[in-house]
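Structure file upload_0.txt; described as compact mmCIF, C-alpha atoms and all ligand atoms.
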# COMPACT_ATOMS: atom_id res chain seq x y z
CA MET J 220 -21.53 4.22 -4.60
CA ILE J 221 -17.80 4.82 -4.21
CA GLN J 222 -15.52 4.96 -7.22
CA ILE J 223 -11.75 4.86 -6.76
CA HIS J 224 -9.05 6.02 -9.10
CA ALA J 225 -5.40 7.00 -9.01
CA LEU J 226 -3.99 10.49 -9.36
CA PRO J 227 -0.34 10.04 -10.35
CA ALA J 228 2.18 12.16 -8.43
CA PHE J 229 5.97 12.63 -8.65
CA SER J 230 7.58 9.80 -10.61
CA ASP J 231 5.87 6.74 -9.13
CA ASN J 232 3.41 7.75 -6.40
CA TYR J 233 -0.35 7.29 -6.58
CA ILE J 234 -2.78 9.50 -4.66
CA TRP J 235 -5.99 7.48 -4.38
CA LEU J 236 -9.13 9.48 -5.02
CA LEU J 237 -12.45 8.18 -3.67
CA GLN J 238 -15.60 9.64 -5.18
CA ASP J 239 -19.08 9.30 -3.74
CA LEU J 240 -21.15 9.52 -6.91
CA SER J 241 -24.41 10.21 -5.06
CA THR J 242 -23.35 12.96 -2.64
CA ARG J 243 -20.61 14.43 -4.90
CA ARG J 244 -18.15 14.36 -2.06
CA CYS J 245 -14.66 12.91 -2.40
CA ALA J 246 -11.61 11.96 -0.35
CA VAL J 247 -7.93 11.40 -1.05
CA VAL J 248 -5.32 9.09 0.43
CA ASP J 249 -1.70 10.27 0.91
CA PRO J 250 -1.59 13.50 -1.11
CA GLY J 251 2.17 14.01 -1.28
CA ASP J 252 1.60 16.79 -3.78
CA ALA J 253 -1.32 19.25 -3.76
CA ALA J 254 -1.28 19.99 -7.51
CA PRO J 255 -2.85 16.75 -8.85
CA VAL J 256 -5.64 16.96 -6.24
CA LEU J 257 -6.37 20.66 -6.71
CA GLY J 258 -6.23 20.18 -10.48
CA TRP J 259 -8.78 17.37 -10.30
CA LEU J 260 -11.07 19.45 -8.06
CA GLN J 261 -10.84 22.34 -10.53
CA ALA J 262 -11.77 20.03 -13.39
CA ASN J 263 -14.65 18.55 -11.34
CA PRO J 264 -16.19 21.62 -9.64
CA ASP J 265 -19.32 19.72 -8.59
CA TYR J 266 -17.20 17.64 -6.18
CA GLN J 267 -16.27 18.72 -2.67
CA LEU J 268 -13.22 17.23 -0.96
CA SER J 269 -14.33 16.28 2.55
CA ASP J 270 -11.59 13.96 3.86
CA ILE J 271 -7.84 13.35 3.64
CA LEU J 272 -6.46 10.00 4.84
CA ILE J 273 -2.77 9.65 5.70
CA THR J 274 -0.88 6.38 6.20
CA HIS J 275 2.49 7.73 7.40
CA HIS J 276 4.59 10.86 7.76
CA HIS J 277 6.91 10.70 4.72
CA ASN J 278 6.84 13.81 2.58
CA ASP J 279 5.77 12.01 -0.60
CA HIS J 280 2.56 11.17 1.32
CA VAL J 281 1.88 14.36 3.32
CA GLY J 282 3.57 17.11 1.26
CA GLY J 283 0.29 18.39 -0.19
CA VAL J 284 -1.85 18.23 2.96
CA ALA J 285 -1.41 21.80 4.23
CA ALA J 286 -2.15 23.42 0.86
CA ILE J 287 -5.18 21.19 0.18
CA LYS J 288 -6.53 21.71 3.71
CA ALA J 289 -6.17 25.49 3.38
CA ILE J 290 -8.35 25.51 0.25
CA THR J 291 -10.90 22.76 1.00
CA ASP J 292 -10.98 22.57 4.81
CA ALA J 293 -11.16 18.79 4.46
CA ARG J 294 -10.79 16.73 7.62
CA VAL J 295 -7.32 15.20 7.99
CA TYR J 296 -7.00 11.69 9.48
CA GLY J 297 -3.56 10.36 10.31
CA PRO J 298 -1.61 8.01 12.56
CA ALA J 299 -1.51 9.08 16.22
CA GLY J 300 2.12 8.01 16.55
CA GLU J 301 3.54 10.34 13.88
CA THR J 302 3.76 14.06 13.15
CA ILE J 303 1.21 14.77 10.41
CA PRO J 304 0.59 18.33 9.14
CA ALA J 305 -2.89 19.76 9.88
CA ARG J 306 -4.10 16.47 11.39
CA ASP J 307 -7.64 16.72 12.82
CA VAL J 308 -8.13 13.11 13.89
CA ALA J 309 -5.32 11.01 15.45
CA LEU J 310 -5.87 7.33 14.72
CA HIS J 311 -4.90 4.31 16.80
CA ASP J 312 -4.84 0.60 16.06
CA ASN J 313 -8.34 -0.83 15.49
CA ASP J 314 -10.03 2.58 15.43
CA ARG J 315 -13.07 2.71 13.20
CA ILE J 316 -13.97 5.74 11.11
CA GLU J 317 -16.50 6.46 8.41
CA VAL J 318 -15.43 8.30 5.27
CA LEU J 319 -17.93 8.99 2.46
CA GLY J 320 -20.20 6.48 4.18
CA LEU J 321 -17.48 3.84 3.92
CA ALA J 322 -16.61 2.09 7.19
CA LEU J 323 -12.83 1.91 7.58
CA GLN J 324 -10.81 0.06 10.19
CA VAL J 325 -7.36 1.31 11.18
CA ILE J 326 -4.62 -1.33 11.24
CA LEU J 327 -1.32 -0.35 12.85
CA VAL J 328 1.49 -1.72 10.66
CA PRO J 329 4.90 -0.53 11.96
CA GLY J 330 8.03 -1.30 9.95
CA HIS J 331 8.41 1.18 7.08
CA THR J 332 7.82 3.89 9.70
CA ALA J 333 7.19 3.41 13.42
CA GLY J 334 3.55 4.54 13.37
CA HIS J 335 2.41 3.57 9.85
CA ILE J 336 -1.27 2.69 9.55
CA ALA J 337 -3.39 1.02 6.87
CA PHE J 338 -7.10 1.57 6.21
CA TYR J 339 -9.29 -1.51 5.72
CA HIS J 340 -12.86 -1.63 4.51
CA GLU J 341 -14.39 -5.00 5.27
CA GLY J 342 -16.56 -6.13 2.32
CA PRO J 343 -18.70 -8.17 2.40
CA GLU J 344 -18.50 -8.12 -1.43
CA LYS J 345 -15.70 -5.66 -1.99
CA PRO J 346 -13.17 -5.48 0.85
CA LEU J 347 -10.37 -3.00 0.21
CA LEU J 348 -7.13 -1.94 1.81
CA PHE J 349 -5.12 1.26 1.53
CA SER J 350 -1.71 -0.08 2.46
CA GLY J 351 0.52 2.98 1.93
CA ASP J 352 4.19 1.92 1.82
CA THR J 353 3.73 -1.31 3.82
CA LEU J 354 2.31 -3.95 1.45
CA PHE J 355 3.17 -3.22 -2.19
CA ALA J 356 2.13 -5.27 -5.21
CA ALA J 357 4.64 -8.15 -5.13
CA GLY J 358 6.75 -6.38 -2.52
CA CYS J 359 6.89 -4.35 0.68
CA GLY J 360 8.28 -1.06 1.94
CA ARG J 361 11.84 -0.55 3.13
CA LEU J 362 12.51 -0.63 6.86
CA PHE J 363 13.28 3.00 7.70
CA GLU J 364 12.13 3.00 11.33
CA GLY J 365 11.09 -0.51 12.26
CA THR J 366 12.66 -3.92 12.72
CA PRO J 367 12.23 -6.93 10.42
CA GLU J 368 10.18 -8.59 13.19
CA GLN J 369 7.78 -5.64 13.28
CA MET J 370 7.38 -5.54 9.50
CA HIS J 371 6.91 -9.30 9.33
CA THR J 372 4.17 -9.06 11.98
CA SER J 373 2.55 -6.14 10.14
CA LEU J 374 2.56 -7.95 6.80
CA SER J 375 1.21 -11.10 8.44
CA ARG J 376 -1.73 -9.09 9.76
CA LEU J 377 -2.48 -7.75 6.29
CA ALA J 378 -1.96 -11.16 4.67
CA ALA J 379 -4.71 -12.58 6.89
CA LEU J 380 -7.38 -10.42 5.20
CA PRO J 381 -9.74 -12.07 2.67
CA ASP J 382 -8.36 -13.23 -0.69
CA HIS J 383 -10.57 -10.87 -2.69
CA THR J 384 -9.40 -7.74 -0.81
CA ALA J 385 -8.33 -5.09 -3.32
CA ILE J 386 -4.92 -3.67 -2.42
CA TYR J 387 -4.37 0.03 -3.06
CA CYS J 388 -0.72 0.81 -2.30
CA ALA J 389 1.02 4.13 -2.80
CA HIS J 390 3.71 3.40 -5.42
CA GLU J 391 4.07 1.89 -8.90
CA TYR J 392 6.84 -0.53 -7.96
CA THR J 393 5.19 -3.72 -9.23
CA LEU J 394 7.49 -4.48 -12.15
CA SER J 395 10.77 -4.18 -10.22
CA ASN J 396 9.19 -6.07 -7.32
CA LEU J 397 8.24 -8.93 -9.65
CA ARG J 398 11.76 -9.10 -11.07
CA PHE J 399 13.00 -9.64 -7.53
CA ALA J 400 10.17 -12.13 -6.82
CA GLN J 401 11.28 -14.13 -9.85
CA ALA J 402 14.87 -14.21 -8.58
CA VAL J 403 13.57 -15.64 -5.29
CA GLU J 404 11.22 -18.13 -6.95
CA PRO J 405 12.36 -18.85 -10.52
CA ASP J 406 9.99 -21.84 -10.77
CA ASN J 407 6.85 -20.02 -9.59
CA ALA J 408 4.49 -19.97 -12.62
CA ASP J 409 2.20 -17.35 -11.03
CA ILE J 410 5.14 -14.95 -10.75
CA THR J 411 6.19 -15.62 -14.36
CA GLN J 412 2.67 -15.00 -15.58
CA ARG J 413 2.21 -11.85 -13.51
CA LEU J 414 5.57 -10.50 -14.66
CA ALA J 415 4.46 -10.89 -18.29
CA GLN J 416 1.12 -9.18 -17.59
CA VAL J 417 2.63 -6.27 -15.68
CA SER J 418 5.45 -5.83 -18.25
CA GLN J 419 2.78 -5.39 -20.91
CA LEU J 420 0.75 -2.94 -18.81
CA ARG J 421 3.80 -0.84 -18.00
CA SER J 422 5.03 -0.81 -21.60
CA MET J 423 1.71 0.90 -22.39
CA ASP J 424 2.25 3.21 -19.40
CA ARG J 425 -0.80 1.73 -17.64
CA ILE J 426 -1.25 1.32 -13.90
CA SER J 427 -0.64 -2.14 -12.36
CA LEU J 428 -2.92 -1.49 -9.37
CA PRO J 429 -5.02 -2.27 -7.43
CA SER J 430 -3.70 -5.70 -6.61
CA GLN J 431 -5.65 -8.47 -4.88
CA LEU J 432 -4.57 -10.20 -1.72
CA GLY J 433 -5.05 -13.68 -3.21
CA LEU J 434 -2.62 -12.80 -5.99
CA GLU J 435 -0.16 -11.39 -3.42
CA ARG J 436 -0.29 -14.67 -1.54
CA LEU J 437 0.79 -16.43 -4.75
CA THR J 438 3.45 -13.95 -5.94
CA ASN J 439 4.75 -11.71 -3.12
CA PRO J 440 7.91 -13.25 -1.58
CA PHE J 441 7.60 -11.10 1.55
CA ILE J 442 4.37 -12.86 2.55
CA ARG J 443 5.65 -16.24 1.29
CA VAL J 444 8.39 -16.63 3.91
CA HIS J 445 6.87 -19.96 5.04
CA VAL J 446 7.49 -21.56 1.64
CA THR J 447 10.44 -23.97 1.77
CA SER J 448 12.07 -22.81 -1.48
CA VAL J 449 11.79 -19.16 -0.35
CA LYS J 450 13.47 -20.02 2.96
CA GLU J 451 16.24 -21.87 1.11
CA LYS J 452 16.93 -18.84 -1.13
CA ALA J 453 16.96 -16.59 1.93
CA ASP J 454 19.46 -18.97 3.57
CA GLU J 455 21.64 -18.81 0.45
CA TRP J 456 21.60 -15.01 0.53
CA ASN J 457 22.76 -14.53 4.11
CA GLY J 458 24.60 -17.84 4.46
CA ARG J 459 22.80 -19.24 7.48
CA ASP J 460 19.83 -21.30 8.56
CA ASN J 461 17.02 -18.76 8.99
CA ALA J 462 14.99 -20.68 11.53
CA SER J 463 12.00 -18.32 11.90
CA PRO J 464 9.75 -16.69 9.28
CA SER J 465 10.85 -13.24 10.46
CA GLU J 466 14.52 -14.19 9.91
CA VAL J 467 13.62 -15.32 6.39
CA PHE J 468 11.85 -12.00 5.93
CA ALA J 469 14.92 -10.07 7.18
CA SER J 470 17.20 -11.86 4.73
CA LEU J 471 14.84 -11.23 1.79
CA ARG J 472 14.50 -7.55 2.70
CA ASP J 473 18.28 -7.19 2.85
CA TRP J 474 18.65 -8.98 -0.51
CA LYS J 475 16.00 -6.74 -2.12
CA ASN J 476 17.76 -3.61 -0.85
CA LYS J 477 20.83 -4.67 -2.86
CA PHE J 478 18.99 -6.15 -5.85
ZN ZN S 1 7.12 6.13 2.76
FE FE S 2 6.26 6.59 -0.25
Would you mind writing the file out in structure tokens?
Ligand code: ZN
Ligand code: FE
Amino acid sequence: MIQIHALPAFSDNYIWLLQDLSTRRCAVVDPGDAAPVLGWLQANPDYQLSDILITHHHNDHVGGVAAIKAITDARVYGPAGETIPARDVALHDNDRIEVLGLALQVILVPGHTAGHIAFYHEGPEKPLLFSGDTLFAAGCGRLFEGTPEQMHTSLSRLAALPDHTAIYCAHEYTLSNLRFAQAVEPDNADITQRLAQVSQLRSMDRISLPSQLGLERLTNPFIRVHVTSVKEKADEWNGRDNASPSEVFASLRDWKNKF
């Protein structure tokens, strides 16, 4: 059985730790800092780190890889299209790998970076997605290397996964994302309710993740670009008729950057 929990890093990153309770092996996703991972391994000496999964090349996701690899010799998986330190396995769109006995499918999701990938485990009961800096809870990553069209396509691919898919993203941005979501959809009761829930969690310094895709479909404006009221707000922001969903997305992303 696989258990997943978050190792906090820097001010708002999460390094996801996967533990196989039967074999006592473990894996991490996006270790931007080695210290939280090495500290956990020291506190849990019966566990061996066998795998490191990387979604994209930014330093807050790969900064700890070399130091962790040097100590554990874990196998490093990362996107083929980016420069990843100590990478052993270069991953392409739709590749399938097995980590701790868990079958994972690689989904190429360019936009935040040009070669960003996500890792999807297809249920049946418990599908899960490691979405890095692409799909956040109630938001999405900034466009550093890709176009709005690319990011819209990437998010649409992720949004097509099953409703009960658990979303493990790499940052605690949920509260500020929901404040923006509420500005886009002031009459959306699901957003209002989620904002209250997450405000309470964060006031107790508790994690707001993982999310669920069904909840994202109800509350994340960046995958709600087909909704008429969302389009109208996007039109208001950039002062034109955004005819396509990716134009609506581009306007929302620009608005959020300045929010
Ligand atoms: Zn990033
Ligand atoms: Fe990041």
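The protein and nucleic acid residues lying at most 9 Å from Gln324 (chain J) are Asp312, Asn313, Asp314, Arg315, Ile316, Glu317, Ala337, Phe338, Tyr339, His340 and Glu341 of chain J, with only C-alpha atoms considered and sequence neighbours fewer than 5 positions away removed.
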Restricting to only C-alpha atoms, whichever of J:Gln412, J:Asn407, J:Thr372, J:Ser422 is closest to Ser465 (chain J) is J:Thr372
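With distances taken over only C-alpha atoms and all ligand atoms, J:His275 is the one residue among J:Arg472, J:Lys345, J:His275, J:Arg436 lying closest to ligand FE 2 (chain S).
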Given 12 Å and all atoms listed in the file, residues near ligand FE 2 (chain S) as a ChimeraX atom specification: /J:228-234,248-252,273-282,331-332,335,350-355,359-363,388-392
Shell of 6 Å around region 365-368 of chain J, all atoms listed in the file, local chain residues under 4 positions omitted, as a ChimeraX atom specification: /J:330,333,465,469
Long-range neighbours of Gln261 (chain J) as a ChimeraX atom specification, 12 Å cut-off, all atoms listed in the file, 6 positions minimum in chain:
/J:254-255,267-268,290-291
Given the selection you just returned, output its residues as a file containing C-alpha atoms, formatted as a PDB file, keeping the file's coordinate frame.
ATOM      1  CA  ALA J 254      -1.280  19.990  -7.510  1.00  0.00           C
ATOM      2  CA  PRO J 255      -2.850  16.750  -8.850  1.00  0.00           C
ATOM      3  CA  GLN J 267     -16.270  18.720  -2.670  1.00  0.00           C
ATOM      4  CA  LEU J 268     -13.220  17.230  -0.960  1.00  0.00           C
ATOM      5  CA  ILE J 290      -8.350  25.510   0.250  1.00  0.00           C
ATOM      6  CA  THR J 291     -10.900  22.760   1.000  1.00  0.00           C
TER       7      THR J 291
END
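Proximity of J:Leu240, J:Gln401, J:Ile336, J:Asp424 to ligand ZN 1 (chain S), computed with only C-alpha atoms and all ligand atoms, is greatest for J:Ile336.
Closest approach to Asn396 (chain J) from the set J:Ala453, J:Ala299, J:Ala305, J:Val417 is made by J:Val417, with distances taken over all atoms listed in the file.
Considering only C-alpha atoms, the residue among J:Ala262, J:Val318, J:Ala246, J:Ala385 positioned nearest to Glu435 (chain J) is J:Ala385.
The shortest atom-to-atom distance to ligand ZN 1 (chain S), with all atoms listed in the file taken into account, belongs to J:Pro329 out of J:Ala309, J:Ile287, J:Ala356, J:Pro329.
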Protein/DNA/RNA residues near (-12.5, 19.9, -5.1), cut 12 Å, only C-alpha atoms, as a ChimeraX atom specification: /J:236-238,243-247,253-271,287-293
Please produce a file of those selected residues containing C-alpha atoms, as a PDB file, keeping the file's coordinate frame.
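Resulting contents of selection_2.pdb:
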ATOM      1  CA  LEU J 236      -9.130   9.480  -5.020  1.00  0.00           C
ATOM      2  CA  LEU J 237     -12.450   8.180  -3.670  1.00  0.00           C
ATOM      3  CA  GLN J 238     -15.600   9.640  -5.180  1.00  0.00           C
ATOM      4  CA  ARG J 243     -20.610  14.430  -4.900  1.00  0.00           C
ATOM      5  CA  ARG J 244     -18.150  14.360  -2.060  1.00  0.00           C
ATOM      6  CA  CYS J 245     -14.660  12.910  -2.400  1.00  0.00           C
ATOM      7  CA  ALA J 246     -11.610  11.960  -0.350  1.00  0.00           C
ATOM      8  CA  VAL J 247      -7.930  11.400  -1.050  1.00  0.00           C
ATOM      9  CA  ALA J 253      -1.320  19.250  -3.760  1.00  0.00           C
ATOM     10  CA  ALA J 254      -1.280  19.990  -7.510  1.00  0.00           C
ATOM     11  CA  PRO J 255      -2.850  16.750  -8.850  1.00  0.00           C
ATOM     12  CA  VAL J 256      -5.640  16.960  -6.240  1.00  0.00           C
ATOM     13  CA  LEU J 257      -6.370  20.660  -6.710  1.00  0.00           C
ATOM     14  CA  GLY J 258      -6.230  20.180 -10.480  1.00  0.00           C
ATOM     15  CA  TRP J 259      -8.780  17.370 -10.300  1.00  0.00           C
ATOM     16  CA  LEU J 260     -11.070  19.450  -8.060  1.00  0.00           C
ATOM     17  CA  GLN J 261     -10.840  22.340 -10.530  1.00  0.00           C
ATOM     18  CA  ALA J 262     -11.770  20.030 -13.390  1.00  0.00           C
ATOM     19  CA  ASN J 263     -14.650  18.550 -11.340  1.00  0.00           C
ATOM     20  CA  PRO J 264     -16.190  21.620  -9.640  1.00  0.00           C
ATOM     21  CA  ASP J 265     -19.320  19.720  -8.590  1.00  0.00           C
ATOM     22  CA  TYR J 266     -17.200  17.640  -6.180  1.00  0.00           C
ATOM     23  CA  GLN J 267     -16.270  18.720  -2.670  1.00  0.00           C
ATOM     24  CA  LEU J 268     -13.220  17.230  -0.960  1.00  0.00           C
ATOM     25  CA  SER J 269     -14.330  16.280   2.550  1.00  0.00           C
ATOM     26  CA  ASP J 270     -11.590  13.960   3.860  1.00  0.00           C
ATOM     27  CA  ILE J 271      -7.840  13.350   3.640  1.00  0.00           C
ATOM     28  CA  ILE J 287      -5.180  21.190   0.180  1.00  0.00           C
ATOM     29  CA  LYS J 288      -6.530  21.710   3.710  1.00  0.00           C
ATOM     30  CA  ALA J 289      -6.170  25.490   3.380  1.00  0.00           C
ATOM     31  CA  ILE J 290      -8.350  25.510   0.250  1.00  0.00           C
ATOM     32  CA  THR J 291     -10.900  22.760   1.000  1.00  0.00           C
ATOM     33  CA  ASP J 292     -10.980  22.570   4.810  1.00  0.00           C
ATOM     34  CA  ALA J 293     -11.160  18.790   4.460  1.00  0.00           C
TER      35      ALA J 293
END
